$ cat entry-v1.txt   # compact mmCIF, C-alpha atoms
# COMPACT_ATOMS: atom_id res chain seq x y z
CA MET A 1 152.50 122.89 20.95
CA SER A 2 150.77 126.06 22.12
CA ARG A 3 151.91 128.02 25.23
CA VAL A 4 148.35 128.50 26.61
CA PRO A 5 147.85 124.94 27.98
CA ARG A 6 151.25 125.09 29.77
CA TRP A 7 150.24 128.33 31.51
CA ILE A 8 146.94 126.83 32.55
CA GLY A 9 148.77 123.76 33.86
CA ARG A 10 151.16 125.85 35.99
CA LEU A 11 148.25 127.85 37.41
CA GLY A 12 146.40 124.65 38.30
CA ALA A 13 149.51 123.19 39.93
CA GLY A 14 149.97 126.40 41.99
CA LEU A 15 146.36 126.33 43.17
CA THR A 16 146.73 122.67 44.10
CA ARG A 17 149.81 123.38 46.24
CA MET A 18 148.02 126.30 47.92
CA GLY A 19 145.06 124.09 48.77
CA GLU A 20 147.35 121.43 50.22
CA ARG A 21 149.11 124.01 52.42
CA TRP A 22 145.68 125.36 53.55
CA GLU A 23 144.47 121.87 54.51
CA GLN A 24 147.76 121.19 56.29
CA ARG A 25 147.49 124.42 58.32
CA ARG A 26 143.89 123.66 59.24
CA ALA A 27 144.89 120.21 60.51
CA GLU A 28 147.63 121.80 62.64
CA VAL A 29 145.17 124.27 64.18
CA GLU A 30 142.82 121.42 65.01
CA LYS A 31 145.65 119.52 66.66
CA GLU A 32 146.57 122.59 68.75
CA ARG A 33 142.96 122.89 69.90
CA ALA A 34 143.01 119.22 70.91
CA GLY A 35 146.22 119.77 72.91
CA THR A 36 148.47 117.81 70.58
CA GLU A 37 151.70 118.80 68.90
CA PRO A 38 152.29 118.42 65.17
CA GLU A 39 154.03 115.23 64.13
CA PRO A 40 157.83 115.43 63.86
CA GLY A 41 159.16 115.94 60.40
CA THR A 42 156.01 117.62 59.19
CA ASP A 43 156.69 120.64 57.05
CA VAL A 44 154.59 123.38 58.68
CA GLN A 45 153.85 126.15 56.27
CA PRO A 46 152.13 129.42 57.31
CA LEU A 47 148.78 130.23 55.86
CA PRO A 48 148.44 133.05 53.43
CA GLU A 49 147.77 136.47 54.89
CA HIS A 50 144.28 136.66 53.40
CA VAL A 51 143.20 133.47 55.27
CA THR A 52 141.53 134.14 58.67
CA VAL A 53 141.45 131.38 61.33
CA VAL A 54 138.26 131.44 63.40
CA GLN A 55 138.89 130.59 67.09
CA ALA A 56 136.36 128.42 68.93
CA ARG A 57 134.24 130.16 71.60
CA PRO A 58 135.24 129.32 75.20
CA ASP A 59 133.00 127.52 77.67
CA PRO A 60 130.58 130.07 79.25
CA ALA A 61 131.46 128.84 82.76
CA GLN A 62 135.15 129.45 82.03
CA ALA A 63 134.43 132.90 80.64
CA VAL A 64 132.94 134.07 83.97
CA PRO A 65 135.60 135.49 86.33
CA TRP A 66 136.59 133.27 89.26
CA GLY A 67 135.49 135.81 91.89
CA VAL A 68 132.03 136.13 90.36
CA ARG A 69 131.63 132.35 90.26
CA VAL A 70 132.62 132.05 93.94
CA ALA A 71 130.20 134.85 94.88
CA ALA A 72 127.39 133.12 92.97
CA GLU A 73 128.10 129.78 94.64
CA VAL A 74 128.09 131.39 98.08
CA GLY A 75 125.02 133.50 97.24
CA TRP A 76 122.67 130.69 96.32
CA ARG A 77 123.75 128.66 99.35
CA VAL A 78 123.11 131.66 101.60
CA LEU A 79 119.67 132.08 100.01
CA VAL A 80 118.83 128.42 100.64
CA LEU A 81 120.05 128.70 104.24
CA ALA A 82 118.07 131.91 104.81
CA GLY A 83 114.94 130.28 103.38
CA THR A 84 115.43 127.29 105.67
CA VAL A 85 115.86 129.52 108.71
CA TRP A 86 112.77 131.51 107.74
CA VAL A 87 110.65 128.37 107.43
CA LEU A 88 112.01 127.14 110.77
CA MET A 89 111.17 130.45 112.43
CA GLN A 90 107.63 130.30 111.03
CA ILE A 91 107.19 126.81 112.45
CA ILE A 92 108.56 127.90 115.84
CA SER A 93 106.29 130.94 115.84
CA ALA A 94 103.26 128.74 115.13
CA VAL A 95 104.06 126.48 118.11
CA ARG A 96 105.77 129.14 120.22
CA LEU A 97 103.96 128.14 123.39
CA VAL A 98 105.15 124.54 123.16
CA VAL A 99 108.72 125.56 122.31
CA LEU A 100 108.96 128.04 125.19
CA ALA A 101 107.45 125.53 127.61
CA PHE A 102 109.99 122.88 126.59
CA VAL A 103 112.91 125.31 126.79
CA ALA A 104 111.73 126.42 130.23
CA ALA A 105 111.58 122.75 131.21
CA LEU A 106 115.17 122.33 130.04
CA LEU A 107 116.27 125.28 132.18
CA ILE A 108 114.41 123.97 135.24
CA THR A 109 115.81 120.49 134.64
CA ALA A 110 119.34 121.89 134.44
CA LEU A 111 118.73 123.51 137.82
CA LEU A 112 117.15 120.47 139.52
CA GLN A 113 119.04 117.58 137.92
CA PRO A 114 122.10 117.85 140.23
CA THR A 115 119.74 117.39 143.20
CA VAL A 116 118.31 114.23 141.61
CA ALA A 117 121.82 112.89 141.04
CA ARG A 118 122.75 113.63 144.64
CA LEU A 119 119.67 111.87 146.02
CA ARG A 120 120.38 108.85 143.83
CA GLY A 121 123.93 108.88 145.16
CA TYR A 122 122.45 108.53 148.64
CA GLY A 123 120.72 105.31 147.51
CA LEU A 124 117.26 106.67 146.68
CA PRO A 125 115.67 105.09 143.57
CA ARG A 126 115.25 107.19 140.45
CA GLY A 127 111.49 107.56 140.69
CA PRO A 128 111.30 108.81 144.30
CA ALA A 129 114.33 111.02 143.78
CA THR A 130 112.72 112.64 140.75
CA ALA A 131 109.36 113.08 142.49
CA LEU A 132 110.90 114.55 145.65
CA THR A 133 113.08 117.00 143.73
CA ALA A 134 110.24 118.11 141.44
CA ILE A 135 107.80 118.59 144.31
CA LEU A 136 110.27 120.64 146.36
CA GLY A 137 111.28 122.72 143.34
CA PHE A 138 107.76 123.57 142.19
CA VAL A 139 106.56 124.19 145.74
CA ILE A 140 109.35 126.70 146.29
CA MET A 141 108.53 128.45 143.00
CA GLY A 142 104.84 128.55 143.88
CA LEU A 143 105.57 129.96 147.33
CA ILE A 144 107.68 132.72 145.79
CA GLY A 145 104.85 133.66 143.43
CA TRP A 146 102.29 133.58 146.24
CA PHE A 147 104.50 135.68 148.49
CA VAL A 148 104.97 138.38 145.85
CA THR A 149 101.21 138.52 145.16
CA TRP A 150 100.42 138.66 148.89
CA GLN A 151 102.90 141.47 149.52
CA VAL A 152 101.56 143.52 146.62
CA MET A 153 97.94 143.08 147.72
CA GLU A 154 98.78 143.92 151.34
CA ASN A 155 100.63 147.11 150.45
CA ILE A 156 98.65 148.30 147.43
CA ASP A 157 96.56 150.81 149.43
CA THR A 158 99.60 152.28 151.18
CA LEU A 159 101.49 152.40 147.93
CA SER A 160 98.62 154.16 146.15
CA LYS A 161 98.46 156.80 148.89
CA GLN A 162 102.23 157.30 148.75
CA ILE A 163 102.13 157.57 144.97
CA GLN A 164 99.41 160.21 145.21
CA ASP A 165 101.46 162.13 147.77
CA GLY A 166 104.48 161.85 145.52
CA ILE A 167 102.52 163.21 142.57
CA ASP A 168 101.38 166.16 144.69
CA GLN A 169 104.97 166.83 145.74
CA LEU A 170 106.08 166.61 142.12
CA ARG A 171 103.38 169.11 141.17
CA LYS A 172 104.51 171.55 143.86
CA TRP A 173 108.10 171.16 142.77
CA LEU A 174 107.19 171.86 139.13
CA LEU A 175 105.31 175.00 140.15
CA SER A 176 108.34 176.33 142.05
CA SER A 177 110.95 175.02 139.66
CA PRO A 178 112.95 177.15 137.20
CA PHE A 179 111.08 175.55 134.30
CA HIS A 180 108.25 178.10 134.66
CA VAL A 181 105.47 175.49 134.66
CA THR A 182 102.08 176.96 135.55
CA ASP A 183 99.13 175.38 137.32
CA LYS A 184 97.07 175.77 134.13
CA GLN A 185 99.58 173.73 132.13
CA ILE A 186 99.58 170.96 134.72
CA ASN A 187 95.78 170.84 134.71
CA GLN A 188 95.80 170.73 130.92
CA ILE A 189 98.20 167.78 130.95
CA ALA A 190 95.98 165.91 133.43
CA LYS A 191 92.92 166.70 131.29
CA ASN A 192 94.67 165.37 128.17
CA LEU A 193 95.54 162.16 129.99
CA ARG A 194 91.94 161.66 131.11
CA GLU A 195 90.65 162.31 127.58
CA ALA A 196 93.21 159.87 126.15
CA VAL A 197 92.07 157.19 128.57
CA GLY A 198 88.40 157.87 127.75
CA ALA A 199 89.01 157.81 124.00
CA ASN A 200 90.86 154.49 124.21
CA THR A 201 88.40 152.69 126.47
CA GLU A 202 87.66 150.15 123.74
CA GLN A 203 91.36 149.44 123.22
CA ILE A 204 91.87 149.09 126.97
CA THR A 205 88.97 146.64 127.18
CA SER A 206 90.39 144.68 124.25
CA ALA A 207 93.75 144.61 125.98
CA GLY A 208 92.03 143.26 129.09
CA LEU A 209 90.44 140.47 127.07
CA GLN A 210 93.80 139.72 125.50
CA GLY A 211 95.22 139.65 129.01
CA VAL A 212 92.77 136.87 129.88
CA THR A 213 93.96 134.95 126.83
CA VAL A 214 97.56 135.47 127.88
CA VAL A 215 96.76 134.13 131.36
CA VAL A 216 95.19 131.00 129.85
CA GLU A 217 98.20 130.50 127.58
CA ALA A 218 100.54 131.05 130.53
CA LEU A 219 98.75 128.38 132.58
CA THR A 220 98.92 125.99 129.64
CA GLY A 221 102.61 126.67 129.22
CA ILE A 222 103.22 126.14 132.94
CA LEU A 223 101.50 122.74 132.84
CA LEU A 224 103.50 121.73 129.75
CA ALA A 225 106.72 122.85 131.44
CA ILE A 226 105.89 120.86 134.59
CA PHE A 227 105.19 117.62 132.71
CA SER A 228 108.24 118.09 130.46
CA THR A 229 110.42 118.69 133.50
CA LEU A 230 109.18 115.51 135.18
CA PHE A 231 109.97 113.38 132.14
CA LEU A 232 113.35 115.03 131.56
CA LEU A 233 114.36 114.48 135.18
CA TYR A 234 113.19 110.88 135.19
CA ASP A 235 114.16 109.70 131.71
CA GLY A 236 116.50 112.33 130.31
CA ARG A 237 119.28 109.92 129.33
CA ARG A 238 116.95 107.67 127.32
CA ILE A 239 115.43 110.70 125.60
CA TRP A 240 118.94 111.81 124.60
CA GLU A 241 119.83 108.33 123.29
CA TRP A 242 116.61 108.26 121.25
CA THR A 243 117.45 111.70 119.82
CA LEU A 244 120.89 110.46 118.80
CA ARG A 245 119.31 107.72 116.71
CA LEU A 246 117.67 110.42 114.57
CA VAL A 247 121.08 111.86 113.65
CA PRO A 248 122.83 110.45 110.53
CA ALA A 249 125.39 107.77 111.37
CA ALA A 250 128.31 109.77 109.96
CA ALA A 251 127.60 112.74 112.26
CA ARG A 252 126.52 110.72 115.29
CA PRO A 253 129.92 110.52 117.07
CA GLY A 254 130.42 114.29 116.93
CA VAL A 255 126.89 115.02 118.15
CA ALA A 256 127.25 112.42 120.91
CA GLY A 257 130.33 114.24 122.18
CA ALA A 258 128.81 117.72 121.84
CA GLY A 259 125.62 116.85 123.74
CA PRO A 260 127.13 116.34 127.23
CA ARG A 261 129.27 119.45 126.85
CA ALA A 262 126.23 121.51 125.85
CA TRP A 263 124.35 120.17 128.89
CA ARG A 264 127.22 121.08 131.22
CA THR A 265 127.24 124.58 129.75
CA LEU A 266 123.50 124.95 130.25
CA THR A 267 123.72 123.64 133.82
CA ALA A 268 126.56 126.01 134.67
CA TYR A 269 124.66 128.94 133.16
CA VAL A 270 121.41 128.26 135.03
CA ARG A 271 123.05 127.61 138.40
CA GLY A 272 125.35 130.62 138.03
CA THR A 273 122.51 132.90 136.95
CA VAL A 274 120.35 131.80 139.89
CA LEU A 275 123.19 132.49 142.32
CA VAL A 276 123.98 135.91 140.81
CA ALA A 277 120.27 136.86 140.76
CA LEU A 278 119.91 135.80 144.39
CA ILE A 279 122.87 137.96 145.45
CA ASP A 280 121.49 140.95 143.52
CA ALA A 281 118.04 140.55 145.07
CA ILE A 282 119.41 140.23 148.62
CA PHE A 283 121.69 143.25 148.54
CA ILE A 284 119.34 145.56 146.62
CA GLY A 285 116.46 144.38 148.80
CA LEU A 286 118.45 145.20 151.95
CA GLY A 287 119.17 148.66 150.53
CA LEU A 288 115.49 149.24 149.83
CA TYR A 289 114.55 148.00 153.31
CA PHE A 290 116.99 150.27 155.16
CA LEU A 291 115.90 153.25 153.04
CA ASN A 292 112.26 152.59 154.07
CA VAL A 293 111.09 152.05 150.50
CA PRO A 294 107.66 150.33 150.45
CA LEU A 295 107.34 146.90 148.85
CA ALA A 296 111.03 146.21 149.42
CA VAL A 297 110.58 142.42 149.46
CA PRO A 298 108.38 142.21 146.31
CA LEU A 299 110.80 144.53 144.53
CA ALA A 300 113.68 142.24 145.54
CA VAL A 301 111.77 139.27 144.12
CA PHE A 302 111.19 141.19 140.88
CA ILE A 303 114.91 141.95 140.73
CA PHE A 304 115.63 138.22 141.17
CA LEU A 305 113.25 137.25 138.36
CA PHE A 306 114.37 139.97 135.94
CA ALA A 307 118.01 138.97 136.46
CA PHE A 308 117.34 136.00 134.15
CA ILE A 309 117.18 138.51 131.27
CA PRO A 310 120.85 139.58 130.96
CA LEU A 311 121.63 143.31 130.85
CA VAL A 312 118.07 144.39 130.01
CA GLY A 313 116.47 142.77 133.06
CA ALA A 314 118.85 144.45 135.49
CA VAL A 315 118.15 147.85 133.95
CA VAL A 316 114.34 147.40 134.03
CA SER A 317 114.17 146.06 137.60
CA GLY A 318 116.60 148.69 138.87
CA ALA A 319 114.64 151.46 137.17
CA LEU A 320 111.42 150.14 138.76
CA ALA A 321 112.98 150.25 142.24
CA VAL A 322 114.29 153.78 141.65
CA VAL A 323 110.88 155.02 140.42
CA VAL A 324 109.07 153.54 143.44
CA ALA A 325 111.58 155.14 145.80
CA LEU A 326 111.43 158.47 143.99
CA VAL A 327 107.63 158.65 143.98
CA THR A 328 107.09 157.43 147.53
CA GLN A 329 110.09 158.77 149.48
CA GLY A 330 111.37 161.72 147.49
CA VAL A 331 114.38 162.68 145.40
CA PHE A 332 117.06 161.94 148.01
CA THR A 333 115.85 158.36 148.60
CA GLY A 334 115.52 157.85 144.85
CA VAL A 335 119.12 158.94 144.30
CA MET A 336 120.33 156.66 147.11
CA VAL A 337 118.47 153.68 145.63
CA LEU A 338 120.00 154.48 142.26
CA LEU A 339 123.48 154.42 143.80
CA VAL A 340 122.76 151.09 145.51
CA VAL A 341 121.49 149.54 142.28
CA LEU A 342 124.48 150.79 140.27
CA ALA A 343 126.96 149.58 142.88
CA VAL A 344 125.44 146.08 143.03
CA GLN A 345 125.25 145.81 139.24
CA GLN A 346 128.89 146.88 138.86
CA ILE A 347 129.96 144.23 141.37
CA GLU A 348 127.82 141.71 139.51
CA GLY A 349 129.25 142.52 136.09
CA HIS A 350 132.92 142.68 137.09
CA VAL A 351 133.18 140.20 139.97
CA LEU A 352 130.24 137.83 140.33
CA GLN A 353 129.60 136.78 136.73
CA PRO A 354 133.27 136.17 135.77
CA PHE A 355 133.88 134.31 139.04
CA ILE A 356 130.66 132.26 139.21
CA LEU A 357 129.86 131.63 135.56
CA GLY A 358 133.49 131.28 134.49
CA ARG A 359 134.78 130.81 130.97
CA ALA A 360 132.43 127.92 130.18
CA VAL A 361 129.52 130.22 129.32
CA ARG A 362 131.35 133.42 128.47
CA VAL A 363 129.57 135.28 125.68
CA HIS A 364 130.56 138.67 124.27
CA PRO A 365 128.33 141.55 125.49
CA LEU A 366 127.43 142.46 121.91
CA ALA A 367 126.23 138.89 121.31
CA VAL A 368 124.22 139.09 124.55
CA VAL A 369 122.50 142.33 123.52
CA LEU A 370 121.71 141.08 120.01
CA ALA A 371 120.46 137.73 121.35
CA VAL A 372 118.20 139.35 123.94
CA ALA A 373 116.81 141.81 121.37
CA SER A 374 116.19 139.07 118.80
CA GLY A 375 114.62 136.75 121.35
CA GLY A 376 112.36 139.54 122.60
CA LEU A 377 111.22 140.38 119.06
CA VAL A 378 110.52 136.76 118.19
CA ALA A 379 108.92 135.47 121.41
CA GLY A 380 108.59 138.35 123.88
CA ILE A 381 109.87 138.02 127.44
CA GLY A 382 110.20 134.24 127.15
CA GLY A 383 112.39 134.61 124.08
CA ALA A 384 114.58 137.17 125.84
CA VAL A 385 115.06 134.76 128.77
CA VAL A 386 116.09 131.76 126.68
CA ALA A 387 118.13 133.66 124.07
CA VAL A 388 121.41 133.90 126.00
CA PRO A 389 121.56 130.25 127.19
CA LEU A 390 120.74 129.22 123.63
CA VAL A 391 123.66 131.29 122.32
CA ALA A 392 125.97 129.91 125.02
CA VAL A 393 125.03 126.31 124.22
CA THR A 394 125.33 126.91 120.47
CA ASN A 395 128.80 128.40 120.98
CA THR A 396 129.89 125.34 122.97
CA VAL A 397 128.56 122.93 120.33
CA VAL A 398 130.17 124.78 117.41
CA VAL A 399 133.56 125.00 119.15
CA TYR A 400 133.52 121.29 119.98
CA LEU A 401 132.44 120.20 116.48
CA ARG A 402 135.22 122.28 114.92
CA ALA A 403 137.79 120.72 117.22
CA TYR A 404 136.34 117.26 116.55
CA ALA A 405 136.51 117.79 112.76
CA ARG A 406 140.16 118.93 112.97
CA GLU A 407 141.04 115.92 115.12
CA GLN A 408 139.36 113.53 112.67
CA ALA A 409 141.20 115.13 109.74
CA ARG A 410 144.51 114.83 111.61
CA ARG A 411 143.89 111.16 112.35
CA GLN A 412 142.99 110.42 108.73
CA ALA A 413 146.13 112.20 107.53
CA ALA A 414 148.25 110.26 110.03
CA ALA A 415 146.67 106.97 108.94
CA THR A 416 147.32 107.79 105.28
CA ASP A 417 150.99 108.68 105.87
CA THR A 418 151.68 105.55 107.97
CA PRO A 419 153.38 102.90 105.79
CA THR A 420 151.59 99.59 105.61
CA PRO A 421 153.45 96.61 107.15
CA PRO A 422 154.79 93.98 104.76

$ encode --input "entry-v1.txt" --output "structure tokens"
Amino acid sequence: MSRVPRWIGRLGAGLTRMGERWEQRRAEVEKERAGTEPEPGTDVQPLPEHVTVVQARPDPAQAVPWGVRVAAEVGWRVLVLAGTVWVLMQIISAVRLVVLAFVAALLITALLQPTVARLRGYGLPRGPATALTAILGFVIMGLIGWFVTWQVMENIDTLSKQIQDGIDQLRKWLLSSPFHVTDKQINQIAKNLREAVGANTEQITSAGLQGVTVVVEALTGILLAIFSTLFLLYDGRRIWEWTLRLVPAAARPGVAGAGPRAWRTLTAYVRGTVLVALIDAIFIGLGLYFLNVPLAVPLAVFIFLFAFIPLVGAVVSGALAVVVALVTQGVFTGVMVLLVVLAVQQIEGHVLQPFILGRAVRVHPLAVVLAVASGGLVAGIGGAVVAVPLVAVTNTVVVYLRAYAREQARRQAAATDTPTPP
């Protein structure tokens, strides 16, 4: 028998054993990928060195680092939230007059509602108590506005003459001052002002027409605020209960608890702000009166009104009083008015506000500044007035909802850990 067939047979047998070991190794790799161990007793043989095992590609989501995935998840949620806020701001801007009128009605209601409750406690029905409180409140506000207008109209001629005298004194002081200002330069400045006014006559006329539009919008807003205040005073509880029905049932208990706390915060803010503004107006007004500054009473009323714009309002009204005193009575009186304004504002910031407003509506000064600036940019003076109470109420609601969520989680954990009775 020839040797060649035996050699071919051994080669075939060797190739067969190599193929079996290759298939066995491939099955083991597949089991490892599936998370299984090889069966006991199985003879595991290594693959030959020239055989390369191709690893499966990982899931793309698993290949992305964990930090990048978290940042992406947060990023798209922030984008959705920012888009929602932007759409909401566009809607508010489109109906800004209605929103400001309703917010003003809320502030007035927070101021007048304790009076309604007190009258009802005396046995007066809800309707007459609401009507009496609203009439007295709006009459007092109207009298204040009429008094300011009357005082300004009565003293406008005297004030104009005093302003002219003050300008003449300022001109004389500049001529004799160490700044080396000449009469020619002063005349040139006056000429430039006149030319600027003449060149912008069309813009001034347009501004006057816009002023008429603003007056019409203001009257409309006042009427909306009056009607909203009447309904809120008369039927505020039912309006709140109807609003709660719009909230999803799962969130309704938390919102129901946050609402009264937010209202107490708003009431405390409005009443405290009115009291602080009244004290500022009285003391600064007395200082202006004793220093013989004209329009002392109207300036005091302006100080009272501007006090509803935190920080910024006090600066603007105080600066107005100082300018009037400086122009009409001279440098010494202006400096004295400045000292009076600073003293009263320091007492307000360090004594009156912490004592009267308390911790219920305490907001960080940085939050106050940012809120006033944002409100002024979005809705002008009205936005600046309502910005801080909105921030105070939002802070109260968020703090309560966080505490409520922690309490609910604690109760659920306690209920889960409690063993069930047999």

$ atom_distance --input "entry-v1.txt" --atom1 "CA of Val397 (chain A)" --atom2 "CA of Ala258 (chain A)"
5.4 Å

$ closest_residue --input "entry-v1.txt" --among "A:Ile92, A:Ala384, A:Glu241, A:Gly375" --to "Phe306 (chain A)" --atoms "all atoms listed in the file"
A:Ala384

$ closest_residue --input "entry-v1.txt" --among "A:Pro114, A:Ala218, A:Pro365, A:Thr130" --to "Asp235 (chain A)" --atoms "only C-alpha atoms"
A:Thr130

$ residues_around --input "entry-v1.txt" --residues "region 268-284 of chain A" --least-positions-apart "2" --cutoff "9 Å" --atoms "only C-alpha atoms" --output "compact mmCIF listing (two decimals) with C-alpha atoms, in the frame of the given file"
# COMPACT_ATOMS: atom_id res chain seq x y z
CA LEU A 107 116.27 125.28 132.18
CA ILE A 108 114.41 123.97 135.24
CA ALA A 110 119.34 121.89 134.44
CA LEU A 111 118.73 123.51 137.82
CA TRP A 263 124.35 120.17 128.89
CA ARG A 264 127.22 121.08 131.22
CA THR A 265 127.24 124.58 129.75
CA LEU A 266 123.50 124.95 130.25
CA LEU A 286 118.45 145.20 151.95
CA GLY A 287 119.17 148.66 150.53
CA LEU A 288 115.49 149.24 149.83
CA TYR A 289 114.55 148.00 153.31
CA ALA A 296 111.03 146.21 149.42
CA VAL A 297 110.58 142.42 149.46
CA LEU A 299 110.80 144.53 144.53
CA ALA A 300 113.68 142.24 145.54
CA VAL A 301 111.77 139.27 144.12
CA PHE A 302 111.19 141.19 140.88
CA ILE A 303 114.91 141.95 140.73
CA PHE A 304 115.63 138.22 141.17
CA LEU A 305 113.25 137.25 138.36
CA PHE A 306 114.37 139.97 135.94
CA ALA A 307 118.01 138.97 136.46
CA PHE A 308 117.34 136.00 134.15
CA GLY A 318 116.60 148.69 138.87
CA VAL A 337 118.47 153.68 145.63
CA VAL A 340 122.76 151.09 145.51
CA VAL A 341 121.49 149.54 142.28
CA VAL A 344 125.44 146.08 143.03
CA GLN A 345 125.25 145.81 139.24
CA GLU A 348 127.82 141.71 139.51
CA LEU A 352 130.24 137.83 140.33
CA GLN A 353 129.60 136.78 136.73
CA ILE A 356 130.66 132.26 139.21
CA LEU A 357 129.86 131.63 135.56
CA GLY A 358 133.49 131.28 134.49
CA ALA A 360 132.43 127.92 130.18
CA VAL A 361 129.52 130.22 129.32
CA PRO A 389 121.56 130.25 127.19
CA ALA A 392 125.97 129.91 125.02

$ closest_residue --input "entry-v1.txt" --among "A:Gln151, A:Ser317, A:Thr396, A:Ser93" --to "Leu377 (chain A)" --atoms "only C-alpha atoms"
A:Ser93

$ atom_distance --input "entry-v1.txt" --atom1 "CA of Ala129 (chain A)" --atom2 "CA of Leu112 (chain A)"
10.7 Å

$ closest_residue --input "entry-v1.txt" --among "A:Val324, A:Leu311, A:Ala105, A:Val363" --to "Gly236 (chain A)" --atoms "only C-alpha atoms"
A:Ala105

$ atom_distance --input "entry-v1.txt" --atom1 "CA of Trp242 (chain A)" --atom2 "CA of Leu219 (chain A)"
29.2 Å

$ closest_residue --input "entry-v1.txt" --among "A:Val312, A:Ile226, A:Val216, A:Leu370" --to "Val139 (chain A)" --atoms "all atoms listed in the file"
A:Ile226
